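*Asks:* Just coords.cif, nothing more (mmCIF, C-alpha atoms):
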```cif
data_entry
loop_
_atom_site.label_atom_id
_atom_site.label_comp_id
_atom_site.auth_asym_id
_atom_site.auth_seq_id
_atom_site.Cartn_x
_atom_site.Cartn_y
_atom_site.Cartn_z
CA MET A 1 12.13 1.39 14.61
CA THR A 2 8.83 0.33 13.12
CA HIS A 3 8.86 4.08 12.82
CA THR A 4 6.98 4.94 9.65
CA LEU A 5 4.71 1.94 9.48
CA ASN A 6 1.60 3.27 11.15
CA ARG A 7 1.43 6.66 9.47
CA ARG A 8 -2.12 7.72 8.68
CA GLY A 9 -3.65 9.84 5.98
CA LEU A 10 -1.73 8.68 2.92
CA SER A 11 -3.97 7.95 -0.04
CA GLU A 12 -3.74 6.45 -3.52
CA ASP A 13 -5.37 9.70 -4.69
CA ARG A 14 -2.20 11.58 -3.83
CA GLN A 15 0.64 9.43 -5.12
CA GLY A 16 4.14 10.64 -4.40
CA GLU A 17 3.02 12.92 -1.57
CA GLU A 18 5.45 11.32 0.85
CA ILE A 19 8.22 8.77 0.60
CA ILE A 20 10.58 8.16 3.46
CA VAL A 21 13.98 6.69 2.73
CA LEU A 22 15.82 4.79 5.44
CA CYS A 23 19.37 3.55 4.89
CA MET A 24 20.88 1.27 7.49
CA ALA A 25 24.06 -0.69 8.02
CA HIS A 26 23.43 -3.97 9.83
CA ARG A 27 24.89 -3.59 13.31
CA GLY A 28 27.33 -6.45 12.74
CA GLN A 29 28.78 -4.58 9.75
CA LYS A 30 28.70 -1.03 11.09
CA ALA A 31 32.47 -0.65 11.40
CA GLU A 32 33.22 -1.92 7.90
CA LYS A 33 30.38 0.14 6.43
CA ALA A 34 31.41 3.44 8.03
CA GLU A 35 32.65 4.98 4.78
CA ALA A 36 29.60 3.68 2.92
CA MET A 37 27.31 5.33 5.46
CA GLN A 38 29.08 8.64 5.02
CA LYS A 39 28.56 8.36 1.24
CA ILE A 40 24.91 7.51 1.87
CA ALA A 41 24.44 10.65 3.98
CA GLU A 42 26.15 12.81 1.34
CA THR A 43 24.01 11.32 -1.42
CA VAL A 44 20.73 11.62 0.50
CA LEU A 45 21.41 15.26 1.41
CA LYS A 46 22.24 16.09 -2.21
CA TYR A 47 18.58 15.47 -3.08
CA LYS A 48 17.45 18.08 -0.55
CA PRO A 49 14.98 16.12 1.59
CA GLU A 50 12.09 17.86 3.31
CA ASN A 51 13.43 16.56 6.63
CA VAL A 52 16.35 14.37 7.66
CA ILE A 53 17.63 12.56 10.75
CA GLY A 54 19.17 14.90 13.30
CA ARG A 55 17.80 18.09 11.72
CA PRO A 56 15.09 18.45 14.42
CA LEU A 57 17.93 18.37 16.97
CA GLY A 58 19.51 21.32 15.19
CA LEU A 59 22.27 19.36 13.42
CA ASN A 60 23.57 20.84 10.17
CA ASP A 61 24.31 18.79 7.04
CA GLU A 62 28.01 18.49 7.81
CA THR A 63 27.31 17.05 11.27
CA ILE A 64 24.68 14.70 9.86
CA GLU A 65 27.32 13.35 7.43
CA THR A 66 29.83 12.94 10.26
CA MET A 67 27.30 11.18 12.49
CA ALA A 68 26.07 8.68 9.87
CA PRO A 69 29.02 6.24 10.19
CA MET A 70 28.59 6.23 13.97
CA THR A 71 24.83 5.75 14.09
CA GLY A 72 24.70 3.49 11.03
CA VAL A 73 21.38 4.97 9.98
CA VAL A 74 20.12 7.80 7.78
CA THR A 75 16.44 8.67 7.42
CA ALA A 76 14.97 11.33 5.14
CA VAL A 77 11.55 12.53 3.99
CA PHE A 78 10.88 13.24 0.33
CA THR A 79 7.82 14.75 -1.29
CA ASN A 80 8.80 14.09 -4.90
CA LYS A 81 8.81 10.56 -6.29
CA LYS A 82 11.20 11.43 -9.14
CA ASP A 83 13.81 12.59 -6.60
CA VAL A 84 13.54 9.27 -4.78
CA GLU A 85 13.91 7.36 -8.06
CA ARG A 86 17.09 9.28 -8.84
CA LEU A 87 18.39 8.86 -5.28
CA VAL A 88 17.72 5.11 -5.21
CA ASP A 89 19.32 4.73 -8.61
CA GLU A 90 22.42 6.64 -7.49
CA ILE A 91 22.76 4.51 -4.34
CA LYS A 92 22.36 1.41 -6.51
CA GLN A 93 25.11 2.53 -8.89
CA LYS A 94 27.45 3.08 -5.92
CA ARG A 95 27.02 -0.55 -4.71
CA LEU A 96 27.56 0.29 -1.06
CA GLY A 97 26.02 -2.85 0.44
CA ILE A 98 23.70 -0.81 2.67
CA SER A 99 20.08 -1.77 3.29
CA VAL A 100 17.48 0.67 2.00
CA VAL A 101 13.86 0.72 3.16
CA LEU A 102 11.24 2.86 1.45
CA SER A 103 8.17 3.86 3.34
CA GLY A 104 5.08 5.21 1.63
CA LEU A 105 2.30 3.98 -0.62
CA PHE A 106 3.06 0.42 -1.76
CA SER A 107 2.16 1.55 -5.29
CA ASP A 108 4.76 4.36 -5.17
CA ILE A 109 7.40 1.94 -3.90
CA ARG A 110 6.54 -0.50 -6.68
CA ASP A 111 6.95 2.29 -9.27
CA ILE A 112 10.35 3.24 -7.83
CA CYS A 113 11.52 -0.38 -7.83
CA ARG A 114 10.42 -0.92 -11.42
CA CYS A 115 12.05 2.32 -12.52
CA THR A 116 15.38 1.46 -10.93
CA GLY A 117 15.45 -2.24 -11.80
CA LEU A 118 15.11 -3.36 -8.19
CA LYS A 119 12.60 -5.76 -6.65
CA GLU A 120 10.85 -5.56 -3.31
CA HIS A 121 12.67 -7.84 -0.85
CA THR A 122 10.65 -7.71 2.37
CA TYR A 123 7.29 -6.12 3.19
CA HIS A 124 6.17 -4.67 6.50
CA MET A 125 2.42 -4.03 6.70
CA SER A 126 0.30 -2.59 9.47
CA LEU A 127 -2.78 -4.48 10.59
CA GLY A 128 -4.02 -1.50 12.59
CA ILE A 129 -4.54 -0.32 16.14
CA PHE A 130 -5.97 -2.56 18.87
CA GLY A 131 -6.43 -2.60 22.64
CA LYS A 132 -7.85 0.50 24.31
CA THR A 133 -8.63 2.29 21.05
CA ASP A 134 -10.92 4.77 22.84
CA ARG A 135 -7.69 6.48 23.97
CA VAL A 136 -6.62 7.15 20.38
CA PRO A 137 -7.07 10.79 19.29
CA ASP A 138 -9.18 11.88 16.33
CA GLU A 139 -8.06 10.90 12.83
CA LYS A 140 -6.63 14.28 11.81
CA THR A 141 -4.56 14.55 15.01
CA LEU A 142 -3.41 10.99 14.42
CA GLU A 143 -2.26 11.94 10.91
CA ILE A 144 0.16 14.34 12.59
CA THR A 145 1.17 12.39 15.70
CA THR A 146 1.92 9.18 13.77
CA GLN A 147 4.53 11.13 11.81
CA CYS A 148 6.86 10.37 14.69
CA GLY A 149 7.22 6.61 14.82
CA HIS A 150 8.27 6.76 18.45
CA SER A 151 5.03 8.60 19.40
CA LEU A 152 6.89 11.67 20.61
CA ILE A 153 4.53 14.20 19.03
CA SER A 154 1.97 14.83 21.72
CA PRO A 155 -1.72 15.25 20.74
CA SER A 156 -1.74 18.14 23.24
CA LEU A 157 1.03 19.83 21.27
CA VAL A 158 -1.11 19.59 18.12
CA GLU A 159 -3.95 21.25 20.01
CA ALA A 160 -1.63 23.94 21.41
CA VAL A 161 -0.32 24.73 17.92
CA LEU A 162 -3.86 24.95 16.53
CA LYS A 163 -4.83 27.29 19.37
CA LYS A 164 -1.93 29.61 18.54
CA MET A 165 -2.79 29.45 14.83
CA ARG A 166 -6.40 30.42 15.55
CA LYS A 167 -5.12 33.43 17.47
CA GLU A 168 -2.79 34.16 14.51
CA LYS A 169 0.24 33.86 16.77
CA LEU A 170 1.66 31.06 14.64
CA SER A 171 1.60 30.43 10.89
CA PRO A 172 0.95 26.89 9.52
CA GLU A 173 4.63 26.74 8.45
CA GLU A 174 5.80 27.63 11.96
CA GLY A 175 3.30 25.21 13.46
CA ALA A 176 4.57 22.37 11.25
CA ARG A 177 8.18 23.13 12.15
CA MET A 178 7.28 23.03 15.85
CA LEU A 179 5.46 19.72 15.48
CA VAL A 180 8.32 17.88 13.76
CA LYS A 181 10.77 18.99 16.44
CA PRO A 182 10.13 16.18 18.99
CA CYS A 183 10.98 13.56 16.33
CA ALA A 184 14.77 13.23 16.44
CA CYS A 185 14.74 10.71 13.56
CA GLY A 186 13.67 13.50 11.20
CA ILE A 187 10.77 11.61 9.65
CA GLY A 188 8.15 14.28 10.19
CA ASN A 189 6.87 15.66 6.89
CA THR A 190 6.59 19.43 7.45
CA LYS A 191 4.83 19.95 4.13
CA ARG A 192 2.10 17.40 4.91
CA ILE A 193 1.71 18.59 8.52
CA GLU A 194 1.29 22.14 7.27
CA LYS A 195 -1.48 20.97 4.94
CA ILE A 196 -3.22 19.02 7.73
CA LEU A 197 -3.01 22.02 10.08
CA ARG A 198 -4.65 24.23 7.46
CA GLU A 199 -7.49 21.70 7.24
CA MET A 200 -7.85 21.51 11.02
CA VAL A 201 -7.69 25.14 12.02
CA MET B 1 13.31 14.54 34.38
CA TYR B 2 12.39 17.26 36.85
CA ILE B 3 11.59 20.95 36.95
CA ASP B 4 13.87 23.28 38.85
CA GLN B 5 11.33 25.30 40.81
CA GLU B 6 13.75 28.18 41.33
CA LEU B 7 14.03 28.69 37.56
CA CYS B 8 10.43 27.92 36.51
CA LYS B 9 8.43 31.07 35.62
CA LYS B 10 5.18 29.10 35.27
CA CYS B 11 4.58 30.11 31.64
CA LEU B 12 3.07 26.60 31.14
CA ASP B 13 4.45 26.31 27.59
CA CYS B 14 6.08 22.96 28.45
CA ILE B 15 2.82 21.26 29.45
CA PRO B 16 1.56 20.28 25.95
CA VAL B 17 5.00 19.12 24.81
CA CYS B 18 4.98 15.95 26.95
CA PRO B 19 3.64 12.95 24.97
CA MET B 20 2.58 11.32 28.25
CA GLY B 21 0.86 14.36 29.75
CA ALA B 22 3.22 14.09 32.71
CA ILE B 23 3.90 17.83 33.09
CA ARG B 24 1.19 19.35 35.22
CA LEU B 25 0.27 22.48 37.12
CA GLN B 26 -0.59 21.39 40.62
CA LYS B 27 -1.10 23.77 43.53
CA LYS B 28 0.42 26.59 41.47
CA ILE B 29 3.59 24.57 40.85
CA VAL B 30 4.58 23.04 37.50
CA THR B 31 5.82 19.52 38.15
CA ILE B 32 6.64 16.33 36.27
CA ASP B 33 4.59 13.43 37.58
CA TYR B 34 7.19 10.79 38.35
CA GLU B 35 4.81 7.90 37.76
CA THR B 36 3.50 9.14 34.39
CA CYS B 37 6.87 10.30 32.99
CA VAL B 38 8.61 7.69 30.82
CA GLU B 39 11.95 9.58 30.64
CA CYS B 40 11.67 10.07 26.87
CA GLY B 41 13.56 13.36 27.14
CA VAL B 42 11.35 15.28 24.70
CA CYS B 43 10.69 18.17 27.11
CA TYR B 44 14.44 18.59 27.59
CA ARG B 45 15.48 18.24 23.92
CA PHE B 46 12.62 20.43 22.71
CA GLU B 47 14.22 23.39 24.53
CA ILE B 48 10.77 24.74 25.21
CA CYS B 49 11.84 26.31 28.50
CA PRO B 50 13.69 29.60 27.98
CA GLU B 51 14.79 29.46 31.63
CA GLY B 52 16.35 26.01 31.33
CA ALA B 53 14.17 24.82 34.22
CA ILE B 54 13.61 21.34 32.74
CA LYS B 55 16.48 19.17 33.86
CA GLN B 56 17.66 15.59 33.62
CA VAL B 57 18.87 13.79 36.72
CA ASP B 58 22.55 12.76 36.61
CA GLU B 59 21.75 9.07 36.73
CA ILE B 60 18.45 7.23 36.45
CA PRO B 61 18.45 4.24 38.82
CA TYR B 62 17.45 0.68 37.91
CA PRO B 63 14.69 -0.37 37.23
CA ARG B 64 13.51 3.13 36.22
CA ILE B 65 16.30 3.34 33.62
CA ILE B 66 14.25 0.87 31.55
CA ARG B 67 11.80 3.71 30.94
CA ALA B 68 14.49 5.81 29.28
CA VAL B 69 15.96 2.95 27.27
CA PHE B 70 12.54 2.05 25.82
CA SER B 71 11.26 5.60 25.42
CA ASP B 72 14.11 7.90 24.44
CA PRO B 73 15.08 7.24 20.79
CA VAL B 74 18.50 8.74 21.38
CA GLN B 75 19.32 5.95 23.87
CA ARG B 76 20.95 2.76 22.62
CA HIS B 77 19.78 -0.66 23.81
CA GLU B 78 22.77 -2.45 25.31
CA ALA B 79 21.37 -5.87 24.42
CA THR B 80 21.12 -5.16 20.69
CA GLY B 81 23.23 -2.05 20.14
CA VAL B 82 20.35 -0.43 18.25
CA GLN B 83 18.78 2.94 19.03
CA GLY B 84 15.06 3.64 19.01
CA ARG B 85 13.01 0.58 19.88
CA GLY B 86 16.18 -1.47 19.70
CA THR B 87 15.42 -3.74 16.79
CA GLU B 88 16.47 -3.70 13.14
CA GLU B 89 13.49 -5.99 12.32
CA MET B 90 13.06 -6.10 8.51
CA LYS B 91 15.17 -3.05 7.82
CA THR B 92 18.29 -5.11 7.27
CA ASN B 93 16.55 -8.33 6.22
CA ASP B 94 18.45 -8.32 2.92
CA VAL B 95 21.55 -8.89 5.10
CA THR B 96 20.23 -10.92 8.03
CA ASN B 97 17.60 -13.04 6.24
CA LEU B 98 15.77 -13.22 9.56
CA PHE B 99 12.39 -13.21 7.81
CA GLN B 100 12.39 -16.00 5.24
CA ARG B 101 9.75 -17.29 2.85
CA GLY B 102 7.30 -19.63 4.55
CA LYS B 103 7.35 -17.67 7.80
CA VAL B 104 5.61 -14.45 8.73
CA GLY B 105 7.04 -12.01 11.24
CA PHE B 106 4.75 -10.24 13.68
CA SER B 107 5.53 -7.00 15.50
CA ILE B 108 3.21 -6.32 18.39
CA GLU B 109 4.00 -2.88 19.68
CA LEU B 110 2.51 -1.83 22.99
CA GLY B 111 1.95 1.82 23.81
CA ARG B 112 1.73 3.07 20.26
CA PRO B 113 0.50 5.30 18.74
CA VAL B 114 -0.46 6.93 22.02
CA GLY B 115 -0.36 6.53 25.77
CA GLY B 116 2.62 4.29 26.44
CA ALA B 117 2.38 0.94 28.23
CA TYR B 118 3.28 -0.68 31.51
CA LEU B 119 5.58 -3.66 31.31
CA ARG B 120 2.95 -5.76 33.11
CA ASP B 121 0.95 -5.52 29.88
CA LEU B 122 4.07 -6.46 27.92
CA GLU B 123 4.38 -9.56 30.11
CA LYS B 124 0.77 -10.52 29.33
CA VAL B 125 1.59 -10.48 25.59
CA LEU B 126 4.84 -12.38 26.11
CA LYS B 127 3.06 -15.06 28.14
CA LYS B 128 0.33 -15.31 25.51
CA VAL B 129 2.67 -15.76 22.54
CA THR B 130 4.87 -18.15 24.54
CA SER B 131 1.81 -20.29 25.29
CA MET B 132 1.09 -20.37 21.54
CA GLY B 133 4.50 -21.91 20.93
CA VAL B 134 5.77 -19.30 18.48
CA GLU B 135 9.41 -18.52 17.74
CA PHE B 136 10.83 -15.27 19.16
CA ALA B 137 13.04 -12.97 17.11
CA GLY B 138 16.03 -13.00 19.43
CA ASP B 139 17.68 -9.77 18.30
CA ASN B 140 15.18 -7.64 20.16
CA PRO B 141 15.61 -5.89 23.55
CA VAL B 142 12.29 -7.21 24.88
CA TYR B 143 13.55 -10.77 24.42
CA HIS B 144 16.44 -10.00 26.77
CA LEU B 145 14.06 -8.90 29.55
CA ILE B 146 12.44 -12.36 29.72
CA THR B 147 13.60 -14.36 32.71
CA ASP B 148 11.65 -17.54 32.08
CA HIS B 149 11.42 -18.55 28.44
CA THR B 150 9.04 -21.40 29.23
CA THR B 151 6.38 -18.92 30.40
CA GLY B 152 7.44 -15.54 28.95
CA ALA B 153 7.69 -14.03 32.45
CA LEU B 154 9.66 -10.81 32.95
CA ARG B 155 11.80 -9.78 35.90
CA PRO B 156 9.21 -8.99 38.62
CA GLU B 157 10.84 -5.70 39.63
CA ILE B 158 10.26 -4.14 36.19
CA LEU B 159 6.53 -4.88 35.81
CA GLY B 160 5.53 -1.50 37.26
CA GLU B 161 7.70 0.45 34.85
CA LYS B 162 6.03 2.41 32.07
CA VAL B 163 7.54 2.92 28.62
CA LEU B 164 6.57 4.85 25.52
CA SER B 165 6.52 1.60 23.58
CA ALA B 166 7.96 -1.89 23.47
CA ILE B 167 7.90 -4.35 20.60
CA VAL B 168 7.35 -8.09 20.79
CA GLU B 169 8.67 -9.77 17.63
CA VAL B 170 7.78 -13.34 16.75
CA LEU B 171 7.86 -15.63 13.74
CA VAL B 172 4.90 -17.80 12.77
CA PRO B 173 4.68 -20.42 9.98
CA GLU B 174 2.75 -18.85 7.09
CA GLN B 175 -0.01 -21.48 7.16
CA GLN B 176 -0.73 -20.60 10.83
CA ALA B 177 -0.52 -16.82 10.40
CA MET B 178 -4.22 -16.09 9.85
CA ASP B 179 -5.20 -18.05 12.97
CA PHE B 180 -2.50 -16.20 14.91
CA ILE B 181 -3.92 -12.84 13.77
CA ARG B 182 -7.45 -13.78 14.79
CA GLU B 183 -6.39 -14.99 18.23
CA MET B 184 -4.07 -12.05 18.91
CA LYS B 185 -6.70 -9.49 17.92
CA ARG B 186 -9.14 -11.06 20.38
CA PHE B 187 -6.48 -11.12 23.08
CA LEU B 188 -5.16 -7.57 22.53
CA ASN B 189 -8.66 -6.09 22.50
CA SER B 190 -9.78 -7.86 25.66
CA GLU B 191 -6.75 -8.26 27.90
CA LEU B 192 -4.61 -5.13 27.66
CA ASP B 193 -4.85 -1.78 29.39
CA CYS B 194 -3.05 0.13 26.62
CA VAL B 195 -3.15 0.86 22.92
CA VAL B 196 -1.23 -1.54 20.70
CA THR B 197 -0.37 -1.87 17.03
CA MET B 198 0.14 -5.15 15.23
CA SER B 199 2.03 -5.52 11.97
CA VAL B 200 3.29 -8.29 9.72
CA ILE B 201 6.61 -8.79 8.01
CA SER B 202 6.71 -10.98 4.96
CA ARG B 203 9.38 -11.85 2.43
CA ALA B 204 8.48 -10.83 -1.12
CA ASP B 205 8.01 -13.47 -3.81
CA SER B 206 10.60 -13.84 -6.57
CA GLU B 207 8.96 -11.09 -8.69
CA GLY B 208 8.80 -8.62 -5.81
CA GLY B 209 5.09 -9.05 -5.07
CA SER B 210 3.59 -10.03 -1.74
CA ARG B 211 1.54 -13.20 -1.78
CA PHE B 212 0.85 -12.74 1.92
CA MET B 213 -0.60 -9.24 1.39
CA GLU B 214 -3.05 -10.77 -1.10
CA GLN B 215 -3.89 -13.47 1.43
CA LEU B 216 -4.58 -10.85 4.11
CA ARG B 217 -6.91 -8.99 1.76
CA ARG B 218 -8.73 -12.21 0.83
CA HIS B 219 -9.34 -12.79 4.54
CA GLY B 220 -10.83 -9.32 4.91
CA GLU B 221 -7.94 -7.64 6.68
CA SER B 222 -7.89 -3.90 5.99
CA ILE B 223 -4.25 -3.27 5.15
CA TYR B 224 -3.07 0.34 5.07
CA PRO B 225 -2.20 1.50 1.52
CA ASN B 226 1.21 2.47 2.89
CA GLY B 227 3.91 0.55 4.66
CA LYS B 228 7.59 -0.24 4.58
CA VAL B 229 9.52 -2.17 1.97
CA ASN B 230 13.12 -3.30 2.10
CA ILE B 231 14.18 -3.02 -1.55
CA GLY B 232 17.13 -5.43 -1.36
CA MET B 233 19.75 -2.76 -1.96
CA ALA B 234 22.37 -4.49 0.20
CA LEU B 235 22.33 -7.39 -2.27
CA VAL B 236 23.08 -5.25 -5.33
CA GLY B 237 26.84 -5.62 -5.01
CA GLU B 238 26.56 -9.37 -4.53
CA GLU B 239 24.56 -9.84 -7.71
CA SER B 240 27.20 -8.12 -9.84
#
```
Hey, can you dump this file as structure tokens for me?

*Replies:*
Amino acid sequence: MTHTLNRRGLSEDRQGEEIIVLCMAHRGQKAEKAEAMQKIAETVLKYKPENVIGRPLGLNDETIETMAPMTGVVTAVFTNKKDVERLVDEIKQKRLGISVVLSGLFSDIRDICRCTGLKEHTYHMSLGIFGKTDRVPDEKTLEITTQCGHSLISPSLVEAVLKKMRKEKLSPEEGARMLVKPCACGIGNTKRIEKILREMV
Amino acid sequence: MYIDQELCKKCLDCIPVCPMGAIRLQKKIVTIDYETCVECGVCYRFEICPEGAIKQVDEIPYPRIIRAVFSDPVQRHEATGVQGRGTEEMKTNDVTNLFQRGKVGFSIELGRPVGGAYLRDLEKVLKKVTSMGVEFAGDNPVYHLITDHTTGALRPEILGEKVLSAIVEVLVPEQQAMDFIREMKRFLNSELDCVVTMSVISRADSEGGSRFMEQLRRHGESIYPNGKVNIGMALVGEES
């Protein structure tokens, strides 16, 4: 899951617009970290993320908490840096031994680390898109489709949503909810997609 | 995946949902093109069809099953036990220490962010990096598909299979990393029939900064302002 790495459209001009939190138990420790993963899910959900793993599949919070020890992973989208600072700090205080990856502007991540007394451990940076780049959709569409790291949001679905919006059959909020649905990991940012749709329509 | 023609009302709402463009209206029948479909399961999970006409076959045969394993994030890779693209890469590096100082990790992901990729293109990349003498990250499902580690060749029967994406993960000594980037960019842009992303994984320095990010910028690489950072949380208990 290089999932969030190649997201487009984030800018230093809009700090804190989007931070994705991923918590993962190493597969060799999944059994011993089952309880810790359940606590992670409870803690993450307490901060009311914009989206969370399993939600696009229709799972409720209780099921997400039950599933976390089995899958060993929790992902959630936040649109408020202060919430992430508090969440990271709470996870730190609990000393659960679970890996946490933050995805967003490197400057935002640095701020969160400094605020919580943590240091960046490992960086993952995109060098861009190569190969048959003429097949890549326009930049605005890409800002939406790259919100699923597994490329499950189809550019055609973006176009279909825009078409319905133009005919006033779909609101931007409904359109955004439809577009995050293919991404089972729950890393689509409905708030940001809604904003992009308004710009595109 | 297939469409039950007795249930399909031809509303066409399912067509844009497919990330591969495999659902088509042909001769007044909505069908899933078997060759284009990568078995990602989105059309089924999306519940776009009110008639329930989109169906999954009971069992996908080998080698086609590889499509589902590499395309459907709900599937788990048997070789690594990890869902999604089947690799934990840097996400648990504070536990595994797979990516250490002095080495740079490279993820070369074929098929993303659009279009998918045939495994024959994956084999081209594997053969290229093998010829460059780099170290493979073993805990990756692609690594387990290689039949000849001296050449990077894959099982011949899977080369015609198409997947949403597949990741090649290798480790390169830091002093050779810039040359590796230059050569791989040339190769990826000239030899592949798909879209591909390339990314680097680098251990932070003792103060949490990234010396390698600075090096990339000095060499003119346009790094995105965003990315992923493992913040060492798994080590917090150990430090106490």

*Asks:* Using all atoms listed in the file, which of B:Val170, B:Val104, B:Leu126, B:Leu119 sits nearest chain A?

*Replies:* B:Val104

*Asks:* Calculated over only C-alpha atoms, which of the candidates A:Lys82, A:Arg95, A:Lys39, A:Arg55 has the smallest distance to chain B?

*Replies:*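 So, comparing all the options, the nearest one is A:Arg95.
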
*Asks:* Written as a PDB file with C-alpha atoms, in the coordinates of the input, which residues does the PyMOL selection byres ((chain B) within 6 of (chain A)) give for the file shown?

*Replies:*
```
ATOM      1  CA  PRO B  16       1.560  20.280  25.950  1.00  0.00           C
ATOM      2  CA  VAL B  17       5.000  19.120  24.810  1.00  0.00           C
ATOM      3  CA  PRO B  19       3.640  12.950  24.970  1.00  0.00           C
ATOM      4  CA  VAL B  42      11.350  15.280  24.700  1.00  0.00           C
ATOM      5  CA  GLY B  84      15.060   3.640  19.010  1.00  0.00           C
ATOM      6  CA  ARG B  85      13.010   0.580  19.880  1.00  0.00           C
ATOM      7  CA  THR B  92      18.290  -5.110   7.270  1.00  0.00           C
ATOM      8  CA  PRO B 113       0.500   5.300  18.740  1.00  0.00           C
ATOM      9  CA  LEU B 188      -5.160  -7.570  22.530  1.00  0.00           C
ATOM     10  CA  ASN B 189      -8.660  -6.090  22.500  1.00  0.00           C
ATOM     11  CA  LEU B 192      -4.610  -5.130  27.660  1.00  0.00           C
ATOM     12  CA  CYS B 194      -3.050   0.130  26.620  1.00  0.00           C
ATOM     13  CA  VAL B 195      -3.150   0.860  22.920  1.00  0.00           C
ATOM     14  CA  VAL B 196      -1.230  -1.540  20.700  1.00  0.00           C
ATOM     15  CA  THR B 197      -0.370  -1.870  17.030  1.00  0.00           C
ATOM     16  CA  MET B 198       0.140  -5.150  15.230  1.00  0.00           C
ATOM     17  CA  SER B 199       2.030  -5.520  11.970  1.00  0.00           C
ATOM     18  CA  VAL B 200       3.290  -8.290   9.720  1.00  0.00           C
ATOM     19  CA  ILE B 201       6.610  -8.790   8.010  1.00  0.00           C
ATOM     20  CA  SER B 202       6.710 -10.980   4.960  1.00  0.00           C
ATOM     21  CA  ARG B 203       9.380 -11.850   2.430  1.00  0.00           C
ATOM     22  CA  ALA B 204       8.480 -10.830  -1.120  1.00  0.00           C
ATOM     23  CA  GLY B 208       8.800  -8.620  -5.810  1.00  0.00           C
ATOM     24  CA  ILE B 223      -4.250  -3.270   5.150  1.00  0.00           C
ATOM     25  CA  PRO B 225      -2.200   1.500   1.520  1.00  0.00           C
ATOM     26  CA  ASN B 226       1.210   2.470   2.890  1.00  0.00           C
ATOM     27  CA  GLY B 227       3.910   0.550   4.660  1.00  0.00           C
ATOM     28  CA  LYS B 228       7.590  -0.240   4.580  1.00  0.00           C
ATOM     29  CA  VAL B 229       9.520  -2.170   1.970  1.00  0.00           C
ATOM     30  CA  ASN B 230      13.120  -3.300   2.100  1.00  0.00           C
ATOM     31  CA  ILE B 231      14.180  -3.020  -1.550  1.00  0.00           C
ATOM     32  CA  GLY B 232      17.130  -5.430  -1.360  1.00  0.00           C
ATOM     33  CA  MET B 233      19.750  -2.760  -1.960  1.00  0.00           C
ATOM     34  CA  ALA B 234      22.370  -4.490   0.200  1.00  0.00           C
ATOM     35  CA  GLY B 237      26.840  -5.620  -5.010  1.00  0.00           C
TER      36      GLY B 237
END
```

*Asks:* Name the closest residue to Arg177 of chain A among the candidates B:Val69, B:Phe46, B:Asn140, B:Thr87; distances are taken between atoms, counting all atoms listed in the file.

*Replies:*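 Answer, going by the shortest atom-to-atom distance: B:Phe46.
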
*Asks:* Starting from the PyMOL selection byres ((chain B and resi 8) around 10), expand the selection into actual residues of this file and give them as a list in words.

*Replies:*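 After applying the PyMOL selection byres ((chain B and resi 8) around 10), what remains is Ile3, Asp4, Gln5, Glu6, Leu7, Lys9, Lys10, Cys11, Leu12, Ile29, Val30, Thr31, Cys49, Pro50, Glu51, Gly52, Ala53 and Ile54 of chain B.
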
*Asks:* Emit segment 50-81 of chain B of the structure in the block as a file comprising C-alpha atoms, as a JSON list (two decimals), in the first residue's frame.

*Replies:*
```json
[["chain", "number", "residue", "atom", "x", "y", "z"],
["B", 50, "PRO", "CA", -30.01, -2.39, -8.40],
["B", 51, "GLU", "CA", -30.82, -5.70, -10.13],
["B", 52, "GLY", "CA", -27.76, -7.49, -8.76],
["B", 53, "ALA", "CA", -26.75, -8.41, -12.31],
["B", 54, "ILE", "CA", -23.01, -7.98, -11.65],
["B", 55, "LYS", "CA", -21.72, -11.27, -10.33],
["B", 56, "GLN", "CA", -18.48, -12.89, -9.27],
["B", 57, "VAL", "CA", -17.60, -16.35, -10.52],
["B", 58, "ASP", "CA", -17.34, -19.00, -7.76],
["B", 59, "GLU", "CA", -13.66, -19.59, -8.38],
["B", 60, "ILE", "CA", -11.18, -17.73, -10.56],
["B", 61, "PRO", "CA", -8.77, -20.23, -12.16],
["B", 62, "TYR", "CA", -4.97, -19.94, -12.22],
["B", 63, "PRO", "CA", -3.28, -17.94, -13.73],
["B", 64, "ARG", "CA", -6.20, -15.47, -13.93],
["B", 65, "ILE", "CA", -6.45, -15.44, -10.12],
["B", 66, "ILE", "CA", -3.26, -13.34, -10.14],
["B", 67, "ARG", "CA", -5.37, -10.50, -11.54],
["B", 68, "ALA", "CA", -7.60, -10.53, -8.46],
["B", 69, "VAL", "CA", -4.75, -10.90, -5.99],
["B", 70, "PHE", "CA", -2.92, -7.89, -7.44],
["B", 71, "SER", "CA", -5.99, -5.77, -8.14],
["B", 72, "ASP", "CA", -8.58, -6.31, -5.42],
["B", 73, "PRO", "CA", -7.42, -4.60, -2.19],
["B", 74, "VAL", "CA", -9.67, -6.85, -0.14],
["B", 75, "GLN", "CA", -7.65, -9.90, -1.24],
["B", 76, "ARG", "CA", -4.67, -11.01, 0.83],
["B", 77, "HIS", "CA", -1.39, -12.03, -0.79],
["B", 78, "GLU", "CA", -0.57, -15.55, 0.36],
["B", 79, "ALA", "CA", 3.18, -14.97, 0.00],
["B", 80, "THR", "CA", 3.28, -12.01, 2.38],
["B", 81, "GLY", "CA", -0.03, -12.14, 4.25]]
```
